[in-house]
Each structure stands twice: as structure tokens, then as C-alpha cells.
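Okay, protein37.cif now, which holds mmCIF, C-alpha atoms (C1' of nucleotides):
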data_structure
loop_
_atom_site.label_atom_id
_atom_site.label_comp_id
_atom_site.auth_asym_id
_atom_site.auth_seq_id
_atom_site.Cartn_x
_atom_site.Cartn_y
_atom_site.Cartn_z
CA MET C 1 14.18 -13.73 3.27
CA PRO C 2 11.85 -11.27 1.66
CA GLU C 3 8.30 -12.46 1.17
CA LEU C 4 5.29 -10.34 0.30
CA PRO C 5 5.28 -8.31 3.55
CA GLU C 6 8.95 -7.41 3.15
CA VAL C 7 8.48 -6.39 -0.48
CA GLU C 8 5.45 -4.32 0.52
CA THR C 9 7.50 -2.61 3.24
CA VAL C 10 10.44 -1.89 0.94
CA THR C 11 8.09 -0.61 -1.79
CA ASN C 12 6.30 1.71 0.64
CA ALA C 13 9.64 2.97 1.93
CA LEU C 14 10.96 3.65 -1.57
CA ARG C 15 7.81 5.36 -2.85
CA PRO C 16 8.25 8.85 -1.34
CA HIS C 17 11.93 8.91 -2.32
CA LEU C 18 11.39 7.86 -5.94
CA THR C 19 8.00 9.11 -7.11
CA GLY C 20 8.37 12.17 -9.33
CA ARG C 21 12.17 11.89 -9.47
CA THR C 22 14.04 11.62 -12.75
CA ILE C 23 16.75 9.00 -13.22
CA LEU C 24 19.93 10.70 -14.42
CA GLY C 25 22.28 7.70 -14.41
CA VAL C 26 22.53 3.95 -13.85
CA LYS C 27 25.65 2.02 -12.95
CA THR C 28 26.01 -1.70 -12.32
CA TYR C 29 28.94 -3.36 -10.55
CA THR C 30 28.40 -7.03 -11.37
CA ALA C 31 27.67 -8.79 -14.67
CA LYS C 32 24.61 -10.62 -13.42
CA LEU C 33 22.27 -11.21 -10.51
CA ARG C 34 19.75 -13.97 -11.22
CA TYR C 35 19.93 -12.82 -14.85
CA PRO C 36 22.54 -10.80 -16.74
CA LEU C 37 22.20 -7.10 -15.86
CA ASN C 38 21.33 -4.84 -18.79
CA LEU C 39 20.57 -1.43 -17.31
CA GLU C 40 23.41 0.90 -18.27
CA GLY C 41 22.88 3.39 -21.08
CA ARG C 42 19.25 2.42 -21.64
CA PRO C 43 17.22 5.32 -23.12
CA GLU C 44 14.05 3.76 -21.62
CA ILE C 45 15.51 4.64 -18.20
CA LEU C 46 17.84 7.59 -18.65
CA ASN C 47 16.27 11.02 -18.07
CA GLN C 48 12.91 9.36 -17.45
CA ARG C 49 10.64 10.52 -14.64
CA ILE C 50 9.30 7.95 -12.17
CA THR C 51 5.51 7.96 -12.28
CA LYS C 52 4.58 5.21 -9.84
CA VAL C 53 6.14 2.82 -7.33
CA TRP C 54 4.03 -0.23 -6.52
CA ARG C 55 4.07 -3.95 -5.76
CA ARG C 56 2.78 -7.03 -7.58
CA GLY C 57 3.40 -10.34 -5.81
CA ARG C 58 7.00 -10.31 -4.66
CA TYR C 59 7.99 -7.76 -7.30
CA CYS C 60 8.53 -4.06 -6.71
CA LEU C 61 7.70 -2.07 -9.86
CA VAL C 62 9.08 1.40 -10.58
CA ASP C 63 7.11 2.80 -13.50
CA LEU C 64 8.68 5.36 -15.83
CA GLU C 65 7.09 7.92 -18.11
CA SER C 66 8.66 6.08 -21.07
CA ASN C 67 6.05 3.34 -20.46
CA HIS C 68 8.68 1.03 -19.10
CA THR C 69 9.01 -0.31 -15.59
CA ILE C 70 12.03 -1.19 -13.51
CA LEU C 71 11.23 -4.56 -11.99
CA VAL C 72 12.97 -5.30 -8.69
CA HIS C 73 12.92 -8.74 -7.12
CA LEU C 74 14.75 -9.00 -3.79
CA GLY C 75 15.50 -12.71 -4.16
CA MET C 76 16.77 -13.98 -0.83
CA THR C 77 19.06 -11.21 0.31
CA GLY C 78 18.09 -8.15 -1.71
CA SER C 79 17.70 -4.74 -0.10
CA CYS C 80 17.52 -1.10 -1.14
CA ARG C 81 18.61 2.19 0.33
CA ILE C 82 18.54 5.87 -0.57
CA VAL C 83 21.86 7.58 0.11
CA ALA C 84 24.08 10.51 -0.82
CA PRO C 85 26.53 9.89 -3.70
CA ASP C 86 29.57 10.25 -1.43
CA GLU C 87 28.36 7.41 0.79
CA PRO C 88 30.88 4.55 0.31
CA ARG C 89 29.46 1.75 -1.79
CA LEU C 90 28.89 -1.32 0.36
CA LYS C 91 30.03 -4.80 -0.54
CA HIS C 92 27.32 -6.44 -2.71
CA GLU C 93 25.79 -3.08 -3.65
CA HIS C 94 25.45 -4.02 -7.32
CA VAL C 95 23.14 -1.40 -8.86
CA VAL C 96 23.18 2.38 -8.36
CA PHE C 97 20.56 4.75 -9.81
CA SER C 98 21.39 8.48 -9.65
CA LEU C 99 18.38 10.73 -9.09
CA ASP C 100 17.74 14.36 -9.97
CA ASN C 101 17.57 15.38 -6.31
CA GLY C 102 21.23 14.47 -5.87
CA LEU C 103 20.56 11.22 -4.02
CA GLN C 104 21.13 7.64 -5.13
CA TRP C 105 18.90 4.59 -5.06
CA ARG C 106 21.06 1.52 -4.50
CA TYR C 107 20.31 -2.20 -4.72
CA LYS C 108 22.32 -4.64 -2.62
CA ASP C 109 22.15 -8.45 -2.88
CA ALA C 110 24.80 -10.72 -1.37
CA ARG C 111 23.52 -13.95 -2.87
CA LYS C 112 22.47 -12.50 -6.21
CA PHE C 113 19.16 -14.35 -6.25
CA GLY C 114 17.32 -11.16 -7.09
CA ASP C 115 16.65 -9.23 -10.29
CA VAL C 116 16.69 -5.62 -11.44
CA SER C 117 15.51 -5.32 -15.03
CA VAL C 118 13.56 -3.03 -17.34
CA HIS C 119 10.38 -4.07 -19.18
CA PRO C 120 7.83 -2.38 -21.44
CA ILE C 121 4.35 -1.71 -20.02
CA GLU C 122 1.09 -0.68 -21.63
CA ALA C 123 0.59 2.13 -19.15
CA THR C 124 1.58 3.24 -15.67
CA GLY C 125 0.15 0.85 -13.11
CA LYS C 126 -0.09 -2.05 -15.57
CA ALA C 127 2.18 -5.00 -14.80
CA PRO C 128 4.66 -6.04 -17.50
CA ALA C 129 3.87 -9.10 -19.64
CA CYS C 130 6.49 -11.18 -17.84
CA LEU C 131 4.20 -11.17 -14.78
CA ASP C 132 1.09 -12.31 -16.68
CA SER C 133 1.22 -15.80 -15.18
CA LEU C 134 0.91 -14.56 -11.59
CA GLY C 135 -2.22 -15.48 -9.66
CA PRO C 136 -4.27 -13.01 -7.61
CA GLU C 137 -2.90 -10.97 -4.72
CA PRO C 138 -3.82 -12.49 -1.35
CA PHE C 139 -5.69 -9.25 -0.56
CA ASP C 140 -7.71 -9.29 -3.79
CA GLU C 141 -11.44 -9.81 -3.39
CA SER C 142 -11.20 -12.74 -5.80
CA PHE C 143 -8.90 -14.61 -3.40
CA ASP C 144 -10.93 -16.69 -0.96
CA GLY C 145 -11.66 -20.30 0.04
CA ASN C 146 -13.83 -20.87 -2.99
CA PHE C 147 -11.05 -19.69 -5.30
CA LEU C 148 -8.59 -22.08 -3.64
CA PHE C 149 -11.16 -24.88 -3.74
CA LEU C 150 -11.70 -24.55 -7.48
CA ALA C 151 -7.96 -24.25 -8.17
CA ALA C 152 -7.14 -27.26 -5.96
CA LYS C 153 -9.74 -29.57 -7.48
CA GLY C 154 -8.09 -32.88 -8.37
CA LYS C 155 -4.63 -31.61 -7.44
CA LYS C 156 -2.36 -34.18 -5.80
CA THR C 157 0.38 -31.69 -4.99
CA ALA C 158 0.80 -30.97 -1.27
CA ILE C 159 -1.23 -28.05 0.06
CA LYS C 160 1.92 -26.18 1.16
CA THR C 161 3.52 -26.48 -2.28
CA PHE C 162 0.16 -25.46 -3.76
CA ILE C 163 -0.15 -22.18 -1.86
CA MET C 164 3.51 -21.37 -2.56
CA ASN C 165 2.82 -21.56 -6.30
CA ASN C 166 2.74 -17.96 -7.56
CA ALA C 167 0.44 -18.94 -10.40
CA ILE C 168 -2.19 -19.83 -7.76
CA VAL C 169 -1.68 -16.93 -5.37
CA THR C 170 1.25 -14.50 -5.25
CA GLY C 171 3.64 -13.76 -2.44
CA VAL C 172 3.23 -16.75 -0.10
CA GLY C 173 6.76 -17.97 0.57
CA ASN C 174 8.09 -20.81 2.64
CA ILE C 175 7.81 -19.11 6.03
CA TYR C 176 4.27 -17.77 5.74
CA ALA C 177 3.10 -21.00 4.08
CA SER C 178 4.05 -22.94 7.23
CA GLU C 179 2.62 -20.22 9.47
CA SER C 180 -0.76 -19.96 7.74
CA LEU C 181 -1.18 -23.77 7.58
CA PHE C 182 -0.43 -23.98 11.31
CA ARG C 183 -3.02 -21.33 12.10
CA ALA C 184 -5.55 -23.10 9.87
CA GLY C 185 -4.82 -26.51 11.45
CA ILE C 186 -3.93 -28.11 8.12
CA ARG C 187 -1.00 -30.50 7.70
CA PRO C 188 1.39 -29.18 5.04
CA ASP C 189 1.77 -32.53 3.27
CA ILE C 190 -1.83 -33.45 2.48
CA ALA C 191 -2.98 -33.26 -1.14
CA ALA C 192 -4.44 -29.85 -2.03
CA GLY C 193 -7.42 -31.52 -3.71
CA GLN C 194 -8.28 -33.36 -0.48
CA VAL C 195 -8.76 -30.24 1.65
CA SER C 196 -12.41 -29.33 2.24
CA ARG C 197 -13.95 -26.08 1.08
CA GLU C 198 -14.53 -25.10 4.71
CA ARG C 199 -10.88 -25.57 5.64
CA LEU C 200 -9.75 -23.66 2.55
CA ASP C 201 -11.97 -20.74 3.65
CA CYS C 202 -10.08 -20.80 6.92
CA LEU C 203 -6.71 -21.08 5.16
CA ALA C 204 -7.40 -18.14 2.83
CA GLN C 205 -8.34 -15.99 5.82
CA HIS C 206 -5.20 -17.00 7.73
CA ILE C 207 -2.97 -16.29 4.72
CA ARG C 208 -4.39 -12.77 4.59
CA ASP C 209 -4.16 -12.29 8.36
CA VAL C 210 -0.59 -13.51 8.72
CA LEU C 211 0.60 -11.39 5.79
CA ALA C 212 -1.28 -8.31 7.03
CA ALA C 213 0.22 -8.69 10.52
CA ALA C 214 3.71 -8.99 9.05
CA ILE C 215 3.21 -5.91 6.88
CA LYS C 216 2.07 -3.98 9.94
CA ALA C 217 5.10 -5.15 11.94
CA GLY C 218 7.57 -4.38 9.14
CA GLY C 219 6.04 -1.03 8.41
CA THR C 220 6.36 0.13 11.97
CA THR C 221 9.90 -1.15 12.48
CA ILE C 222 11.59 0.48 9.52
CA ILE C 223 11.87 4.10 10.59
CA ASP C 224 15.06 5.47 9.11
CA PHE C 225 15.12 4.13 5.57
CA GLU C 226 18.41 5.81 4.71
CA THR C 227 20.36 3.80 7.23
CA VAL C 228 18.19 0.72 7.69
CA THR C 229 18.50 -1.84 4.92
CA GLY C 230 15.30 -3.59 5.85
CA GLU C 231 16.64 -6.67 7.54
CA GLU C 232 15.94 -5.31 11.02
CA GLY C 233 12.27 -5.03 10.21
CA TRP C 234 12.04 -8.64 9.17
CA PHE C 235 12.86 -9.98 12.62
CA SER C 236 9.63 -8.60 13.96
CA ARG C 237 7.68 -11.45 12.37
CA GLU C 238 5.84 -13.34 15.03
CA LEU C 239 6.52 -16.90 13.97
CA GLN C 240 4.59 -19.69 15.70
CA VAL C 241 6.04 -22.77 13.96
CA TYR C 242 8.76 -21.80 11.49
CA GLY C 243 12.19 -22.66 12.90
CA ARG C 244 10.68 -24.09 16.12
CA ASP C 245 11.27 -27.82 15.48
CA GLY C 246 11.72 -29.77 18.70
CA GLU C 247 9.99 -27.07 20.73
CA ALA C 248 6.57 -27.28 22.37
CA CYS C 249 3.60 -26.19 20.29
CA LEU C 250 2.47 -22.69 21.31
CA ARG C 251 -1.19 -23.60 20.92
CA CYS C 252 -1.63 -27.06 22.45
CA ALA C 253 1.63 -27.30 24.50
CA ALA C 254 1.32 -31.11 24.26
CA GLY C 255 2.63 -31.35 20.72
CA VAL C 256 6.25 -30.99 19.63
CA ILE C 257 6.89 -29.04 16.42
CA ARG C 258 8.26 -31.27 13.67
CA LYS C 259 10.38 -30.35 10.69
CA PHE C 260 10.56 -32.20 7.40
CA VAL C 261 11.77 -31.42 3.90
CA GLN C 262 9.08 -30.91 1.29
CA THR C 263 10.03 -30.33 -2.36
CA GLY C 264 13.41 -29.14 -1.15
CA ARG C 265 12.03 -26.72 1.46
CA SER C 266 11.76 -27.00 5.23
CA SER C 267 8.22 -27.44 6.52
CA TYR C 268 7.21 -27.12 10.16
CA TYR C 269 3.99 -28.32 11.77
CA CYS C 270 2.40 -29.55 14.98
CA PRO C 271 1.26 -33.19 14.59
CA ASN C 272 -1.26 -32.57 17.36
CA CYS C 273 -2.93 -29.45 15.94
CA GLN C 274 -2.67 -30.06 12.21
CA SER C 275 -4.45 -32.85 10.32
"C1'" DA S 1 -0.47 -32.45 -18.21
"C1'" DA S 2 0.89 -32.62 -13.74
"C1'" DC S 3 4.23 -32.75 -10.65
"C1'" DA S 4 9.16 -33.25 -8.80
"C1'" DC S 5 13.63 -31.81 -8.68
"C1'" DG S 6 18.13 -29.41 -9.88
"C1'" DT S 7 20.22 -24.96 -10.34
"C1'" DC S 8 21.83 -20.40 -9.28
"C1'" DC S 9 24.54 -17.72 -5.09
"C1'" DT S 10 27.14 -16.43 -0.66
"C1'" DG S 11 27.38 -16.18 4.26
"C1'" DA S 12 26.20 -18.12 8.70
"C1'" DG S 13 26.71 -21.81 11.63
"C1'" DC S 14 28.48 -25.95 12.87
"C1'" DG S 15 31.72 -29.96 13.73
"C1'" DC S 16 36.18 -31.50 14.05
"C1'" DT I 1 42.05 -21.01 15.63
"C1'" DG I 2 40.74 -22.28 11.35
"C1'" DC I 3 39.14 -24.96 7.81
"C1'" DG I 4 35.60 -27.16 5.17
"C1'" DC I 5 31.13 -28.80 4.92
"C1'" DT I 6 26.05 -28.06 4.99
"C1'" DC I 7 22.11 -25.37 4.85
"C1'" DA I 8 19.02 -21.48 3.66
"C1'" DG I 9 15.20 -20.70 -0.45
"C1'" DG I 10 12.43 -17.92 -5.05
"C1'" DA I 11 11.77 -18.81 -9.54
"C1'" DC I 12 12.68 -21.04 -13.61
"C1'" DG I 13 14.29 -24.83 -16.62
"C1'" DT I 14 14.32 -29.54 -17.19
"C1'" DG I 15 13.18 -34.39 -16.22
"C1'" DT I 16 9.78 -38.03 -15.29
#

Can you give me the file's structure in the form of C-alpha cells?
Amino acid sequence: MPELPEVETVTNALRPHLTGRTILGVKTYTAKLRYPLNLEGRPEILNQRITKVWRRGRYCLVDLESNHTILVHLGMTGSCRIVAPDEPRLKHEHVVFSLDNGLQWRYKDARKFGDVSVHPIEATGKAPACLDSLGPEPFDESFDGNFLFLAAKGKKTAIKTFIMNNAIVTGVGNIYASESLFRAGIRPDIAAGQVSRERLDCLAQHIRDVLAAAIKAGGTTIIDFETVTGEEGWFSRELQVYGRDGEACLRCAAGVIRKFVQTGRSSYYCPNCQS
DNA sequence: AACACGTCCTGAGCGC
DNA sequence: TGCGCTCAGGACGTGT
């Protein structure tokens, strides 16, 4: 389940393999992922040099000298690898880019929740227009308790749903939403507009901390990018509440972690520690 | 306008 | 052993 730390890790792993390379060919092996695939024979991609590989929210962006970017969203099960052309194509390996160094960049996605698509950009390093509605990065200076406080004013939506909204802040998925609320001592189901400025300061800090720790863990686990698809690195997340329903709370020991469904997603919290 | 909910997809895990 | 059901969730479209 790729969230921001996983996308950051994959992007960092791809960067040295892709930057400066020229894309000589693109082949797709399924009609659609989340959206219909339209990558083959595109002059915006073919024979274009890759100028920059970076991340915005949960999107990996591969900028081309044609002032287009290849947007990659990993969905739920997306992964990438760099391999030799004679490497057998794995099941669910749906997109193959051929590079000028003789290697291939391949995208794999069993559940097809992801996206690989090409979009115009104003310049290298500028996000495409389709990402205009995204809120700040959690690591941006503009993202803090005061920002959350202003955005949450009058909002009745639950605080967990609120921080998972990419228009508010990007990259906080279901797992890290539960984890950061646990660390901040805030119940996931209280109205966002009811949380005090002080507690939102704490929450903003914990969102940053939990994401930073996960990036660090993922970055150190993925060593051999050519053979590791990424999934191994994602198990190194140190989860304190997610998936621990029925177990004793790691902080207070007296509480038992509860699970409930919130806007279709599993939420976990300690009734003793979170209010 | 604000918020909730259905939809897409496949494999893992479970019960019988 | 094997089948069939349920669950997992990011983002977007639609419904209330």
C-alpha cells in the first residue's frame, strides 16, 4: 500500500537510473489501469531525454525535455523495476519503457489501481495542471498546526478523513493517518473543526515525524533496486496502532486497540490514549 | 457547499 | 483439498 514514504523511496530509487536517459520505446500490455493507457507511439515521449525525476504527493513525476511529464501513481499495488530487456516479463508488468542504455523501466500493478500517463508541463520541475488541486507537502514550511487550524475551521468532517484529503495536505493515507492521530492522542472520529489549535500543532508535527521515519526505513531497506520491487521495504514501517485491533496499547498497556470503519476505511485507535 | 458513499481491481485469507 | 466469499484502499464521480 504505497503512501508518501513508499512513493518517495521508489522515486529516489528510480532517479539515478532514469535521469539523463532517453526513452527509445514504450510498450503497454493492458488496455487500462485506473484509466485507459495511452503511451505507445507518443512523440512527447519517444526519443525524449529525461530531465528530472521527482515526487509530488503520491505521484512520481518523470520530466522530459519535450516539456511533458510521465506521471506515475502506484495505486495500491504498483511497483517499478529497472531490468535488462531479456528479463522475462512478470505477470502484471503492464508498461515497459526502453532506455538508451539498453535497460528497461517496467511498471507492475496487480490490481490496476495505479496510473501511468503523460501530461504537458510549463517547465521541468513544475507539476502538471492535473495536480493543481493538491494541498501542500507535509514537509513544506507552510504546513503546520496553524495551517490545519485555518483549513479545519467549521469543518464537521472527521479529523482522520480531513487529513487524508489530498486537497488539504498530500500523501497522508489510511495507515499513516491512524498512526499520526495515535501519536497525537486525537480520536480519529472527532470533527476536524473541533480540534484545538494546540492539538493540531501536535498533529502536524507527528504527521511529519511518522512520514520521515517511514522514508528513512524504506530508504535503507531497498538496496538492490533491480531485484527488489519495493514491497520488502514497506514492511519496515513501525506501526503502533494500524492492524493491532484487540491488542494491548503500546503506550498505556491498559487500553485495547479498537477498529472501526470510517468512510469505508479501517480506523484504529486506543480509547484510553485518544480523545 | 459540504460531506458521504460507490466504483474500479485482484489476490490473500478465511470459513465451510 | 478446494471453492467461494470478504476484505484491502486511493482517487474520482456521483448522490444527498

message = I need the contact residues of chain C against chain I, so if you could list those with any atom within 9 Å, counting only C-alpha atoms (C1' of nucleotides), and return them as an MDAnalysis selection string, that would help.
response = chainID C and resid 1 75:76 113:114 173:174 264:265

request  = Skip Gly154 in chain C itself and residues of its chain fewer than 4 positions away, then list as a ChimeraX atom specification all residues within 9 Å of it, counting all atoms listed in the file.
outcome  = /C:191-194

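For the structure in this document, the set picked by the PyMOL selection byres ((chain C) within 7 of (chain S)) is Ala110, Arg111, Lys112, Phe113 and Thr157 of chain C.
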
ask   = If we count all atoms listed in the file, what is near range 116-123 of chain C at a cut-off of 12 Å, once residues fewer than 4 positions away on the same chain are taken out, given as a PyMOL selection string?
value = chain C and resi 26-28+30-46+51-52+59-75+78-80+94-97+106-109+112+127-132

request  = Quick one: pull the distance between CA of Asn166 in chain C and CA of Phe143 in chain C, Å, one decimal.
outcome  =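 Separation between CA of Asn166 in chain C and CA of Phe143 in chain C: 12.8 Å.
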
Residues matched by the PyMOL selection byres ((chain C and resi 19) around 7) as an NGL selection string = :C and (15-18 or 20-21 or 50-53)

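This file, queried with the PyMOL selection byres ((chain C and resi 47) around 6), gives the residues C:Thr22, C:Ile23, C:Leu24, C:Leu46, C:Gln48.
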
ask   = In Å to one decimal, how far is CA of Glu6 in chain C from CA of Ser266 in chain C?
value = 19.9 Å

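Taking CA of Asp115 in chain C and CA of Arg58 in chain C as the two end points, the separation is 11.2 Å.
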
inquiry  = Using all atoms listed in the file, which protein or nucleic acid residues come within 9 Å of Gly171 in chain C? Drop anything in the same chain fewer than 4 positions from it, and give the result as a VMD selection string.
reply    = chain C and resid 3 to 5 56 to 59 137 to 138 164 to 166

Please produce an output containing C-alpha atoms for each residue in the selection, written as an mmCIF file, in the frame of the given file.
data_model
loop_
_atom_site.group_PDB
_atom_site.id
_atom_site.type_symbol
_atom_site.label_atom_id
_atom_site.label_comp_id
_atom_site.auth_asym_id
_atom_site.auth_seq_id
_atom_site.Cartn_x
_atom_site.Cartn_y
_atom_site.Cartn_z
ATOM 1 C CA GLU C 3 8.300 -12.460 1.170
ATOM 2 C CA LEU C 4 5.290 -10.340 0.300
ATOM 3 C CA PRO C 5 5.280 -8.310 3.550
ATOM 4 C CA ARG C 56 2.780 -7.030 -7.580
ATOM 5 C CA GLY C 57 3.400 -10.340 -5.810
ATOM 6 C CA ARG C 58 7.000 -10.310 -4.660
ATOM 7 C CA TYR C 59 7.990 -7.760 -7.300
ATOM 8 C CA GLU C 137 -2.900 -10.970 -4.720
ATOM 9 C CA PRO C 138 -3.820 -12.490 -1.350
ATOM 10 C CA MET C 164 3.510 -21.370 -2.560
ATOM 11 C CA ASN C 165 2.820 -21.560 -6.300
ATOM 12 C CA ASN C 166 2.740 -17.960 -7.560
#

Spatial neighbours of range 251-256 of chain C, 7 Å, only C-alpha atoms (C1' of nucleotides), chain gap at least 3 places, as a list in words =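 The neighbour list is Gly246, Glu247, Ala248, Cys270, Pro271 and Asn272 of chain C.
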
key: Contacts of Lys160 in chain C within 7 Å, only C-alpha atoms (C1' of nucleotides), excl. fewer than 2 positions in-chain, as a ChimeraX atom specification   = /C:158,162-164,177,188-189
